[in-house]
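Next up, data30.csv (CSV, N, CA, C and O atoms):
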```csv
chain,number,residue,atom,x,y,z
A,26,MET,N,60.4,-52.1,9.5
A,26,MET,CA,61.8,-51.6,9.6
A,26,MET,C,62.2,-51.5,11.0
A,26,MET,O,63.3,-51.9,11.4
A,27,VAL,N,61.3,-51.0,11.9
A,27,VAL,CA,61.7,-50.8,13.3
A,27,VAL,C,61.8,-52.2,14.0
A,27,VAL,O,62.7,-52.4,14.8
A,28,GLN,N,61.0,-53.2,13.6
A,28,GLN,CA,61.1,-54.5,14.1
A,28,GLN,C,62.4,-55.2,13.7
A,28,GLN,O,63.0,-55.9,14.5
A,29,MET,N,62.8,-55.0,12.5
A,29,MET,CA,64.1,-55.5,12.1
A,29,MET,C,65.2,-54.9,12.8
A,29,MET,O,66.2,-55.6,13.2
A,30,LEU,N,65.2,-53.6,13.0
A,30,LEU,CA,66.3,-53.0,13.8
A,30,LEU,C,66.3,-53.4,15.2
A,30,LEU,O,67.4,-53.8,15.7
A,31,MET,N,65.2,-53.5,15.9
A,31,MET,CA,65.1,-53.9,17.3
A,31,MET,C,65.5,-55.4,17.4
A,31,MET,O,66.2,-55.8,18.3
A,32,GLY,N,65.0,-56.2,16.5
A,32,GLY,CA,65.4,-57.7,16.5
A,32,GLY,C,66.9,-57.9,16.3
A,32,GLY,O,67.5,-58.7,16.9
A,33,SER,N,67.5,-57.1,15.4
A,33,SER,CA,68.9,-57.2,15.1
A,33,SER,C,69.7,-56.8,16.4
A,33,SER,O,70.7,-57.4,16.8
A,34,LEU,N,69.2,-55.7,17.0
A,34,LEU,CA,69.9,-55.2,18.2
A,34,LEU,C,69.8,-56.3,19.3
A,34,LEU,O,70.7,-56.5,20.1
A,35,PHE,N,68.6,-56.9,19.4
A,35,PHE,CA,68.3,-57.9,20.4
A,35,PHE,C,69.2,-59.2,20.3
A,35,PHE,O,69.7,-59.7,21.2
A,36,VAL,N,69.4,-59.6,19.0
A,36,VAL,CA,70.2,-60.8,18.8
A,36,VAL,C,71.6,-60.5,18.6
A,36,VAL,O,72.5,-61.3,19.1
A,37,PHE,N,72.0,-59.5,17.9
A,37,PHE,CA,73.4,-59.3,17.5
A,37,PHE,C,74.2,-58.4,18.4
A,37,PHE,O,75.4,-58.2,18.2
A,38,PHE,N,73.5,-57.8,19.4
A,38,PHE,CA,74.3,-56.8,20.3
A,38,PHE,C,74.1,-57.0,21.8
A,38,PHE,O,75.0,-57.1,22.5
A,39,LEU,N,72.8,-57.2,22.2
A,39,LEU,CA,72.6,-57.2,23.7
A,39,LEU,C,73.2,-58.4,24.4
A,39,LEU,O,73.8,-58.2,25.5
A,40,PRO,N,73.2,-59.6,23.9
A,40,PRO,CA,73.9,-60.7,24.6
A,40,PRO,C,75.4,-60.5,24.8
A,40,PRO,O,75.9,-60.6,25.9
A,41,GLY,N,76.0,-60.0,23.8
A,41,GLY,CA,77.4,-59.7,23.8
A,41,GLY,C,77.7,-58.6,24.8
A,41,GLY,O,78.7,-58.6,25.5
A,42,LEU,N,76.9,-57.5,24.7
A,42,LEU,CA,77.1,-56.4,25.6
A,42,LEU,C,77.0,-56.8,27.1
A,42,LEU,O,77.8,-56.4,27.9
A,43,THR,N,76.0,-57.6,27.4
A,43,THR,CA,75.9,-58.0,28.8
A,43,THR,C,77.0,-58.9,29.2
A,43,THR,O,77.5,-58.8,30.4
A,44,TRP,N,77.5,-59.7,28.3
A,44,TRP,CA,78.7,-60.5,28.6
A,44,TRP,C,80.0,-59.7,28.8
A,44,TRP,O,80.8,-60.1,29.5
A,45,THR,N,80.1,-58.6,28.0
A,45,THR,CA,81.3,-57.8,28.2
A,45,THR,C,81.3,-57.1,29.6
A,45,THR,O,82.3,-57.0,30.2
A,46,TYR,N,80.1,-56.8,30.1
A,46,TYR,CA,80.0,-56.2,31.4
A,46,TYR,C,80.3,-57.3,32.5
A,46,TYR,O,80.8,-57.0,33.5
A,47,ALA,N,79.9,-58.5,32.1
A,47,ALA,CA,80.1,-59.6,33.1
A,47,ALA,C,81.6,-60.0,33.1
A,47,ALA,O,82.1,-60.5,34.2
A,48,LEU,N,82.3,-59.9,32.0
A,48,LEU,CA,83.6,-60.4,32.0
A,48,LEU,C,84.7,-59.4,32.3
A,48,LEU,O,85.8,-59.7,32.7
A,49,PHE,N,84.4,-58.1,32.0
A,49,PHE,CA,85.4,-57.0,32.1
A,49,PHE,C,84.9,-56.0,33.0
A,49,PHE,O,83.7,-55.6,33.0
A,50,GLU,N,85.7,-55.4,33.9
A,50,GLU,CA,85.4,-54.3,34.7
A,50,GLU,C,85.2,-53.1,33.8
A,50,GLU,O,85.6,-53.0,32.7
A,51,SER,N,84.5,-52.1,34.3
A,51,SER,CA,84.2,-50.9,33.5
A,51,SER,C,85.5,-50.1,33.1
A,51,SER,O,85.5,-49.4,32.1
A,52,LYS,N,86.5,-50.2,33.8
A,52,LYS,CA,87.7,-49.4,33.5
A,52,LYS,C,88.7,-50.2,32.7
A,52,LYS,O,89.7,-49.7,32.2
A,53,GLU,N,88.5,-51.5,32.5
A,53,GLU,CA,89.4,-52.3,31.7
A,53,GLU,C,89.5,-52.1,30.2
A,53,GLU,O,90.5,-52.1,29.6
A,54,ILE,N,88.3,-51.9,29.6
A,54,ILE,CA,88.2,-51.6,28.2
A,54,ILE,C,87.4,-50.4,28.0
A,54,ILE,O,86.5,-50.0,28.8
A,55,ASP,N,87.6,-49.7,26.8
A,55,ASP,CA,86.9,-48.5,26.5
A,55,ASP,C,85.6,-48.8,25.7
A,55,ASP,O,85.3,-50.0,25.4
A,56,LEU,N,84.9,-47.8,25.4
A,56,LEU,CA,83.6,-48.0,24.7
A,56,LEU,C,83.7,-48.7,23.4
A,56,LEU,O,82.9,-49.6,23.0
A,57,LEU,N,84.6,-48.3,22.6
A,57,LEU,CA,84.8,-48.8,21.2
A,57,LEU,C,85.2,-50.3,21.3
A,57,LEU,O,84.6,-51.2,20.6
A,58,GLU,N,86.0,-50.7,22.2
A,58,GLU,CA,86.4,-52.1,22.4
A,58,GLU,C,85.2,-52.9,22.9
A,58,GLU,O,85.0,-54.0,22.5
A,59,ARG,N,84.4,-52.3,23.8
A,59,ARG,CA,83.2,-53.0,24.3
A,59,ARG,C,82.2,-53.2,23.2
A,59,ARG,O,81.6,-54.3,23.2
A,60,ILE,N,82.0,-52.3,22.3
A,60,ILE,CA,81.0,-52.4,21.2
A,60,ILE,C,81.5,-53.5,20.3
A,60,ILE,O,80.8,-54.4,19.9
A,61,ALA,N,82.8,-53.5,19.9
A,61,ALA,CA,83.4,-54.5,19.0
A,61,ALA,C,83.3,-55.9,19.7
A,61,ALA,O,82.9,-56.9,19.0
A,62,LEU,N,83.6,-56.0,20.9
A,62,LEU,CA,83.5,-57.3,21.6
A,62,LEU,C,82.1,-57.8,21.7
A,62,LEU,O,81.8,-59.0,21.6
A,63,ALA,N,81.1,-56.8,22.0
A,63,ALA,CA,79.7,-57.2,22.1
A,63,ALA,C,79.2,-57.8,20.8
A,63,ALA,O,78.5,-58.8,20.8
A,64,LEU,N,79.6,-57.2,19.6
A,64,LEU,CA,79.2,-57.7,18.3
A,64,LEU,C,79.8,-59.1,18.1
A,64,LEU,O,79.1,-60.0,17.7
A,65,GLY,N,81.1,-59.2,18.4
A,65,GLY,CA,81.7,-60.5,18.2
A,65,GLY,C,81.2,-61.6,19.1
A,65,GLY,O,81.0,-62.7,18.6
A,66,LEU,N,81.0,-61.3,20.3
A,66,LEU,CA,80.5,-62.3,21.3
A,66,LEU,C,79.1,-62.7,20.9
A,66,LEU,O,78.7,-63.9,20.9
A,67,SER,N,78.2,-61.7,20.5
A,67,SER,CA,76.9,-62.1,20.1
A,67,SER,C,76.8,-62.9,18.9
A,67,SER,O,76.1,-63.9,18.8
A,68,LEU,N,77.7,-62.6,17.9
A,68,LEU,CA,77.7,-63.3,16.7
A,68,LEU,C,78.2,-64.7,16.9
A,68,LEU,O,78.0,-65.6,16.0
A,69,THR,N,79.0,-65.0,17.9
A,69,THR,CA,79.4,-66.4,18.2
A,69,THR,C,78.6,-67.1,19.2
A,69,THR,O,78.3,-68.3,19.0
A,70,MET,N,78.1,-66.4,20.2
A,70,MET,CA,77.4,-67.1,21.3
A,70,MET,C,76.0,-67.6,20.9
A,70,MET,O,75.6,-68.7,21.2
A,71,VAL,N,75.2,-66.7,20.2
A,71,VAL,CA,73.9,-67.1,19.8
A,71,VAL,C,73.8,-68.2,18.9
A,71,VAL,O,73.1,-69.2,19.1
A,72,PRO,N,74.5,-68.2,17.7
A,72,PRO,CA,74.4,-69.4,16.8
A,72,PRO,C,75.0,-70.7,17.4
A,72,PRO,O,74.4,-71.7,17.2
A,73,LEU,N,76.1,-70.5,18.2
A,73,LEU,CA,76.7,-71.7,18.8
A,73,LEU,C,75.7,-72.3,19.8
A,73,LEU,O,75.6,-73.5,20.0
A,74,SER,N,75.1,-71.5,20.6
A,74,SER,CA,74.1,-72.0,21.6
A,74,SER,C,73.0,-72.7,20.9
A,74,SER,O,72.6,-73.8,21.4
A,75,LEU,N,72.5,-72.1,19.9
A,75,LEU,CA,71.4,-72.8,19.2
A,75,LEU,C,71.8,-74.1,18.5
A,75,LEU,O,71.1,-75.1,18.6
A,76,PHE,N,73.0,-74.1,18.0
A,76,PHE,CA,73.5,-75.3,17.3
A,76,PHE,C,73.7,-76.4,18.3
A,76,PHE,O,73.3,-77.5,18.1
A,77,TYR,N,74.3,-76.1,19.5
A,77,TYR,CA,74.6,-77.2,20.4
A,77,TYR,C,73.3,-77.6,21.1
A,77,TYR,O,73.1,-78.8,21.4
A,78,LEU,N,72.4,-76.7,21.4
A,78,LEU,CA,71.1,-77.1,21.9
A,78,LEU,C,70.3,-78.0,20.9
A,78,LEU,O,69.6,-78.9,21.3
A,79,HIS,N,70.4,-77.7,19.7
A,79,HIS,CA,69.7,-78.5,18.7
A,79,HIS,C,70.4,-79.9,18.6
A,79,HIS,O,69.7,-80.9,18.5
A,80,ASN,N,71.7,-80.0,18.5
A,80,ASN,CA,72.4,-81.2,18.4
A,80,ASN,C,72.4,-82.1,19.6
A,80,ASN,O,72.2,-83.3,19.6
A,81,LEU,N,72.6,-81.5,20.8
A,81,LEU,CA,72.7,-82.2,22.0
A,81,LEU,C,71.4,-82.5,22.7
A,81,LEU,O,71.2,-83.5,23.3
A,82,ALA,N,70.5,-81.5,22.7
A,82,ALA,CA,69.2,-81.6,23.4
A,82,ALA,C,68.1,-81.9,22.5
A,82,ALA,O,67.0,-82.1,23.0
A,83,GLY,N,68.3,-81.8,21.2
A,83,GLY,CA,67.2,-82.1,20.3
A,83,GLY,C,66.2,-81.0,20.2
A,83,GLY,O,65.1,-81.2,19.7
A,84,MET,N,66.6,-79.8,20.6
A,84,MET,CA,65.7,-78.6,20.6
A,84,MET,C,65.5,-78.1,19.2
A,84,MET,O,66.5,-78.0,18.4
A,85,ARG,N,64.3,-77.9,18.8
A,85,ARG,CA,64.0,-77.3,17.4
A,85,ARG,C,64.5,-75.9,17.4
A,85,ARG,O,64.4,-75.2,18.4
A,86,ILE,N,65.0,-75.4,16.3
A,86,ILE,CA,65.4,-74.0,16.1
A,86,ILE,C,64.2,-73.3,15.4
A,86,ILE,O,64.0,-73.5,14.3
A,87,ASP,N,63.5,-72.6,16.2
A,87,ASP,CA,62.4,-71.7,15.7
A,87,ASP,C,62.5,-70.4,16.4
A,87,ASP,O,63.4,-70.1,17.3
A,88,LEU,N,61.5,-69.5,16.1
A,88,LEU,CA,61.6,-68.2,16.7
A,88,LEU,C,61.5,-68.2,18.2
A,88,LEU,O,62.2,-67.5,18.9
A,89,THR,N,60.5,-68.9,18.7
A,89,THR,CA,60.3,-69.0,20.2
A,89,THR,C,61.5,-69.5,20.9
A,89,THR,O,62.0,-68.8,21.9
A,90,ASN,N,62.1,-70.6,20.5
A,90,ASN,CA,63.3,-71.1,21.2
A,90,ASN,C,64.5,-70.2,21.0
A,90,ASN,O,65.3,-70.1,21.9
A,91,SER,N,64.6,-69.5,19.9
A,91,SER,CA,65.7,-68.6,19.7
A,91,SER,C,65.6,-67.4,20.6
A,91,SER,O,66.6,-67.0,21.2
A,92,VAL,N,64.4,-66.9,20.8
A,92,VAL,CA,64.2,-65.8,21.7
A,92,VAL,C,64.5,-66.3,23.2
A,92,VAL,O,65.2,-65.5,23.9
A,93,TYR,N,64.1,-67.5,23.5
A,93,TYR,CA,64.4,-68.0,24.9
A,93,TYR,C,65.9,-68.2,25.1
A,93,TYR,O,66.5,-67.9,26.1
A,94,VAL,N,66.6,-68.6,24.1
A,94,VAL,CA,68.1,-68.8,24.2
A,94,VAL,C,68.8,-67.4,24.3
A,94,VAL,O,69.6,-67.3,25.2
A,95,VAL,N,68.4,-66.4,23.6
A,95,VAL,CA,68.9,-65.1,23.7
A,95,VAL,C,68.6,-64.5,25.1
A,95,VAL,O,69.5,-64.0,25.8
A,96,LEU,N,67.4,-64.7,25.6
A,96,LEU,CA,67.0,-64.2,26.9
A,96,LEU,C,67.8,-64.9,28.0
A,96,LEU,O,68.2,-64.3,29.0
A,97,LEU,N,68.1,-66.2,27.8
A,97,LEU,CA,68.8,-67.0,28.8
A,97,LEU,C,70.3,-66.5,28.8
A,97,LEU,O,70.9,-66.4,29.9
A,98,LEU,N,70.9,-66.3,27.6
A,98,LEU,CA,72.2,-65.7,27.6
A,98,LEU,C,72.3,-64.4,28.3
A,98,LEU,O,73.3,-64.1,29.1
A,99,ILE,N,71.4,-63.5,28.1
A,99,ILE,CA,71.3,-62.2,28.7
A,99,ILE,C,71.1,-62.4,30.2
A,99,ILE,O,71.8,-61.7,31.0
A,100,ALA,N,70.2,-63.3,30.6
A,100,ALA,CA,69.9,-63.5,32.1
A,100,ALA,C,71.1,-64.0,32.8
A,100,ALA,O,71.4,-63.6,34.0
A,101,VAL,N,71.8,-65.0,32.2
A,101,VAL,CA,73.0,-65.5,32.9
A,101,VAL,C,74.1,-64.4,33.1
A,101,VAL,O,74.7,-64.3,34.2
A,102,ALA,N,74.3,-63.6,32.1
A,102,ALA,CA,75.3,-62.6,32.2
A,102,ALA,C,74.8,-61.5,33.2
A,102,ALA,O,75.7,-61.1,34.0
A,103,LEU,N,73.6,-61.2,33.3
A,103,LEU,CA,73.1,-60.2,34.3
A,103,LEU,C,73.2,-60.8,35.7
A,103,LEU,O,73.6,-60.1,36.6
A,104,CYS,N,73.0,-62.1,35.9
A,104,CYS,CA,73.2,-62.7,37.2
A,104,CYS,C,74.7,-62.6,37.6
A,104,CYS,O,75.0,-62.4,38.8
A,105,LEU,N,75.6,-62.9,36.7
A,105,LEU,CA,77.0,-62.7,37.0
A,105,LEU,C,77.4,-61.3,37.4
A,105,LEU,O,78.2,-61.1,38.3
A,106,ILE,N,76.8,-60.3,36.6
A,106,ILE,CA,77.1,-58.9,36.9
A,106,ILE,C,76.6,-58.6,38.3
A,106,ILE,O,77.3,-57.9,39.1
A,107,VAL,N,75.4,-59.0,38.7
A,107,VAL,CA,74.8,-58.7,40.0
A,107,VAL,C,75.6,-59.4,41.1
A,107,VAL,O,75.9,-58.8,42.1
A,108,PHE,N,76.0,-60.6,40.9
A,108,PHE,CA,76.8,-61.4,41.8
A,108,PHE,C,78.1,-60.7,42.1
A,108,PHE,O,78.6,-60.5,43.2
A,109,ARG,N,78.8,-60.2,41.0
A,109,ARG,CA,80.1,-59.6,41.1
A,109,ARG,C,79.9,-58.2,41.9
A,109,ARG,O,80.8,-57.9,42.7
A,110,ARG,N,78.9,-57.5,41.6
A,110,ARG,CA,78.7,-56.2,42.2
A,110,ARG,C,78.4,-56.4,43.7
A,110,ARG,O,78.9,-55.6,44.6
A,111,TYR,N,77.6,-57.4,44.1
A,111,TYR,CA,77.3,-57.6,45.5
A,111,TYR,C,78.6,-58.1,46.2
A,111,TYR,O,78.8,-57.7,47.4
A,112,ARG,N,79.3,-58.9,45.6
A,112,ARG,CA,80.6,-59.4,46.2
A,112,ARG,C,81.6,-58.3,46.4
A,112,ARG,O,82.2,-58.2,47.4
A,113,ASN,N,81.7,-57.4,45.4
A,113,ASN,CA,82.6,-56.2,45.5
A,113,ASN,C,82.1,-55.3,46.6
A,113,ASN,O,82.9,-54.7,47.3
A,114,MET,N,80.8,-55.1,46.8
A,114,MET,CA,80.3,-54.3,47.8
A,114,MET,C,80.6,-54.9,49.2
A,114,MET,O,80.9,-54.1,50.1
A,115,GLY,N,80.5,-56.2,49.3
A,115,GLY,CA,80.8,-56.8,50.6
A,115,GLY,C,82.3,-56.7,50.9
A,115,GLY,O,82.7,-56.6,52.1
A,116,LEU,N,83.2,-56.7,49.9
A,116,LEU,CA,84.6,-56.6,50.1
A,116,LEU,C,85.0,-55.2,50.5
A,116,LEU,O,85.9,-55.0,51.3
A,117,ARG,N,84.3,-54.2,50.0
A,117,ARG,CA,84.6,-52.8,50.4
A,117,ARG,C,84.2,-52.5,51.8
A,117,ARG,O,84.8,-51.6,52.4
A,118,LYS,N,83.2,-53.1,52.3
A,118,LYS,CA,82.7,-52.8,53.7
A,118,LYS,C,83.7,-53.3,54.7
A,118,LYS,O,83.9,-52.7,55.8
A,119,ASN,N,84.4,-54.4,54.4
A,119,ASN,CA,85.4,-54.9,55.4
A,119,ASN,C,86.7,-54.2,55.4
A,119,ASN,O,87.2,-53.6,54.7
```
As structure tokens:
Amino acid sequence: MVQMLMGSLFVFFLPGLTWTYALFESKEIDLLERIALALGLSLTMVPLSLFYLHNLAGMRIDLTNSVYVVLLLIAVALCLIVFRRYRNMGLRKN
């Protein structure tokens, strides 16, 4: 039961949540909108990423590759968040 809950959170919520922080500033949208967007983004990005990687790159869709795709989506969004924060800190100093 705990594995199912954590797996669902990992696939259906975390990629979208990181992308909402990458795409929107913290003051632009409130928490309820962020949660709704996180669910919607995750439900679209993860299956579409797996679909296109399967069709274009010939990648098999299995548990390991699915976890890697989800981790890659989260990592790219986190890199964008870090880049934006460092860029904003540099702009504030000047």
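The space between atom N of A:Met31 and atom O of A:Ile60 spans 16.1 Å.
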Which residues in chain A does DSSP call helix (DSSP H, G or I)? List them as a PyMOL selection string.
-> chain A and resi 27-37+39-48+56-82+88-118
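Picture a line from atom C of A:Phe108 to atom C of A:Arg59; it runs 20.7 Å.
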Which one is closest to A:Thr43: A:Val107, A:Ala63, A:Leu78, A:Leu57? Count only C-alpha atoms.
-> A:Ala63
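Atom pair atom CA of A:Phe49 / atom CA of A:Val92 has a distance of 25.2 Å (rounded to one decimal).
Taking all atoms listed in the file into account, A:Gly41 lies nearest to A:Ile99 out of the set A:Ala82, A:Met114, A:Ile99, A:Gln28.
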Can you list, as a PyMOL selection string, every protein, DNA or RNA residue that comes within 12 Å of A:Leu73 when you count only C-alpha atoms, leaving out same-chain residues fewer than 5 positions away?
-> chain A and resi 66-68+78-81+86+91+94-95+98
